[in-house]
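Data block below; observations after.
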Amino acid sequence: MKYINAFILLVFLSLLIYASTGLPNRGDIDAVVNRDRSPSGTQNASSYYIRNAYKDTHTPNMVTAILADYRAFDTLGEETVILTAGLICFLLLRKRRKDDEE
Amino acid sequence: MKSNADNPITTLISSIVAPFILLFGMYIIVHGHYSPGGGFQGGAMLAASVILLRLVLGSEIGQLQFKSTWGTPLGSLGVLIYFGTGLAAVFFGGTFLNYHFLPIAQEASMKRSFGILFVEIGVGLAVMAILIAIYDDLLGEEPDD
């Protein structure tokens, strides 16, 4: 069983390495994600942000503008995840005084 | 358990450094529009300041700065600030989290800038309170009330 697990891991590793050779270079201007237009002819989201982020939000830091304005709903979800983690720690780990007395 | 408060060096240094960490955390939250930073990073910084004092001076003296019962209520308040900013836009005629409709007497782009600021403050408050609450829960020391 141990050898089978190692074999599966090796196969998966080689698959991932093979897939990574097909990725475009970082910052490649001809890659699909970095083009001004998507293959269907509409404007790409990234080029829209770069052109209009400061005009729309008056925020020079584009990352903040995307995170808290264009993708605000996603950030709300992240914050809810953090709150949930805190509440679960509170429920699981906080000492209950009643149990100690019994 | 031996208290770390006996050591004068750590006590002095952390007492001097902690307020500046607090100030830097607030700076990171508020200055997130112009430099790398924002709610998550600044909130972690604020929590680091509080947890530093708890580590060095002990949890009981640390209660003077931030009571461990405040953790979850302040975290919920942070999420409520975020949610309330979105809901205010709904009440003033827009869609959820559409800062164009916030009742601020500014031009449209400045409205969105202020909306980002409110949201970041909510995120920072929630992250700070939840990190401190997790630290207190893991420590498991309930202060006598």
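Residue names in the structure tokens use chain letters A, B, ... in the order shown, residue numbers from 1 in each chain, and ligand numbers from 1 in the order shown.
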>> Could you go through region 2-101 of chain A and tell me which residues DSSP, when run on the backbone, assigns to alpha helix (DSSP H), listing them as a ChimeraX atom specification?
In response: /A:2-20,45-57,62-65,72-93,97-101
Shell of 12 Å around region 13-21 of chain B, only C-alpha atoms, local chain residues under 5 positions omitted, as a tab-separated table (two decimals) with N, CA and C atoms, in the first residue's frame:
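Saved result, selection.tsv, follows:
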chain	number	residue	atom	x	y	z
B	4	ASN	N	6.68	36.25	33.28
B	4	ASN	CA	7.72	36.94	32.53
B	4	ASN	C	7.87	38.39	32.98
B	5	ALA	N	6.92	38.86	33.80
B	5	ALA	CA	6.97	40.26	34.21
B	5	ALA	C	8.15	40.55	35.11
B	7	ASN	N	11.20	40.01	34.34
B	7	ASN	CA	12.35	40.43	33.54
B	7	ASN	C	12.20	41.89	33.15
B	8	PRO	N	13.07	42.78	33.65
B	8	PRO	CA	12.88	44.21	33.35
B	8	PRO	C	13.15	44.57	31.91
B	26	MET	N	-2.62	51.13	12.74
B	26	MET	CA	-3.67	52.07	12.31
B	26	MET	C	-3.26	52.77	11.02
B	27	TYR	N	-1.95	53.10	10.91
B	27	TYR	CA	-1.46	53.76	9.70
B	27	TYR	C	-1.64	52.86	8.49
B	28	ILE	N	-1.35	51.55	8.67
B	28	ILE	CA	-1.47	50.63	7.54
B	28	ILE	C	-2.93	50.54	7.10
B	42	GLY	N	-3.24	45.45	8.53
B	42	GLY	CA	-3.25	46.36	9.67
B	42	GLY	C	-3.88	45.72	10.91
B	43	GLY	N	-4.94	44.94	10.68
B	43	GLY	CA	-5.56	44.26	11.82
B	43	GLY	C	-4.62	43.27	12.48
B	44	ALA	N	-3.84	42.55	11.65
B	44	ALA	CA	-2.86	41.62	12.21
B	44	ALA	C	-1.81	42.37	13.02
B	45	MET	N	-1.44	43.58	12.53
B	45	MET	CA	-0.45	44.39	13.25
B	45	MET	C	-1.00	44.83	14.59
B	46	LEU	N	-2.26	45.31	14.63
B	46	LEU	CA	-2.87	45.72	15.90
B	46	LEU	C	-2.92	44.56	16.88
B	47	ALA	N	-3.30	43.38	16.36
B	47	ALA	CA	-3.36	42.20	17.23
B	47	ALA	C	-1.98	41.85	17.74
B	48	ALA	N	-0.94	42.04	16.89
B	48	ALA	CA	0.43	41.74	17.33
B	48	ALA	C	0.83	42.61	18.50
B	49	SER	N	0.42	43.89	18.46
B	49	SER	CA	0.76	44.78	19.58
B	49	SER	C	0.13	44.30	20.87
B	50	VAL	N	-1.16	43.94	20.82
B	50	VAL	CA	-1.85	43.50	22.04
B	50	VAL	C	-1.28	42.18	22.55
B	51	ILE	N	-1.02	41.25	21.60
B	51	ILE	CA	-0.53	39.94	22.01
B	51	ILE	C	0.89	40.04	22.56
B	52	LEU	N	1.68	40.97	22.04
B	52	LEU	CA	3.04	41.18	22.59
B	52	LEU	C	2.97	41.53	24.07
B	53	LEU	N	2.09	42.46	24.41
B	53	LEU	CA	1.97	42.83	25.83
B	53	LEU	C	1.43	41.67	26.65
B	54	ARG	N	0.54	40.87	26.07
B	54	ARG	CA	0.02	39.71	26.82
B	54	ARG	C	1.12	38.70	27.08
B	55	LEU	N	1.99	38.49	26.07
B	55	LEU	CA	3.06	37.53	26.23
B	55	LEU	C	4.04	37.97	27.30
B	56	VAL	N	4.36	39.26	27.29
B	56	VAL	CA	5.44	39.72	28.15
B	56	VAL	C	4.93	40.00	29.56
B	57	LEU	N	3.84	40.74	29.67
B	57	LEU	CA	3.37	41.15	30.99
B	57	LEU	C	2.42	40.15	31.63
B	61	ILE	N	-2.40	41.49	33.30
B	61	ILE	CA	-2.13	42.90	33.04
B	61	ILE	C	-2.59	43.25	31.63
B	62	GLY	N	-2.49	42.28	30.71
B	62	GLY	CA	-2.96	42.51	29.35
B	62	GLY	C	-4.45	42.81	29.28
B	65	GLN	N	-5.51	46.45	28.76
B	65	GLN	CA	-5.49	47.04	27.42
B	65	GLN	C	-6.66	46.55	26.59
> Excluding same-chain residues fewer than 2 positions from region 54-61 of chain A, what lies within 12 Å of it counting only C-alpha atoms, as an MDAnalysis selection string?
Replying inline: (chainID A and resid 48:52 63:70) or (chainID B and resid 31:38 98:100 106:117)
>> Can you measure CA of Gly124 (chain B) to CA of Phe40 (chain B) for me? One decimal in Å is fine.
In response: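 That distance, rounded to one decimal, is 5.7 Å.
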> Near Ser76 (chain B), counting only C-alpha atoms, which residues have an atom at most 9 Å away, once you skip same-chain residues fewer than 5 positions from it, shown as a list of chain:residue names?
Replying inline: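 Selected residues are A:Leu83, B:Gly71, B:Ile81, B:Ala126, B:Ala129, B:Ile130.
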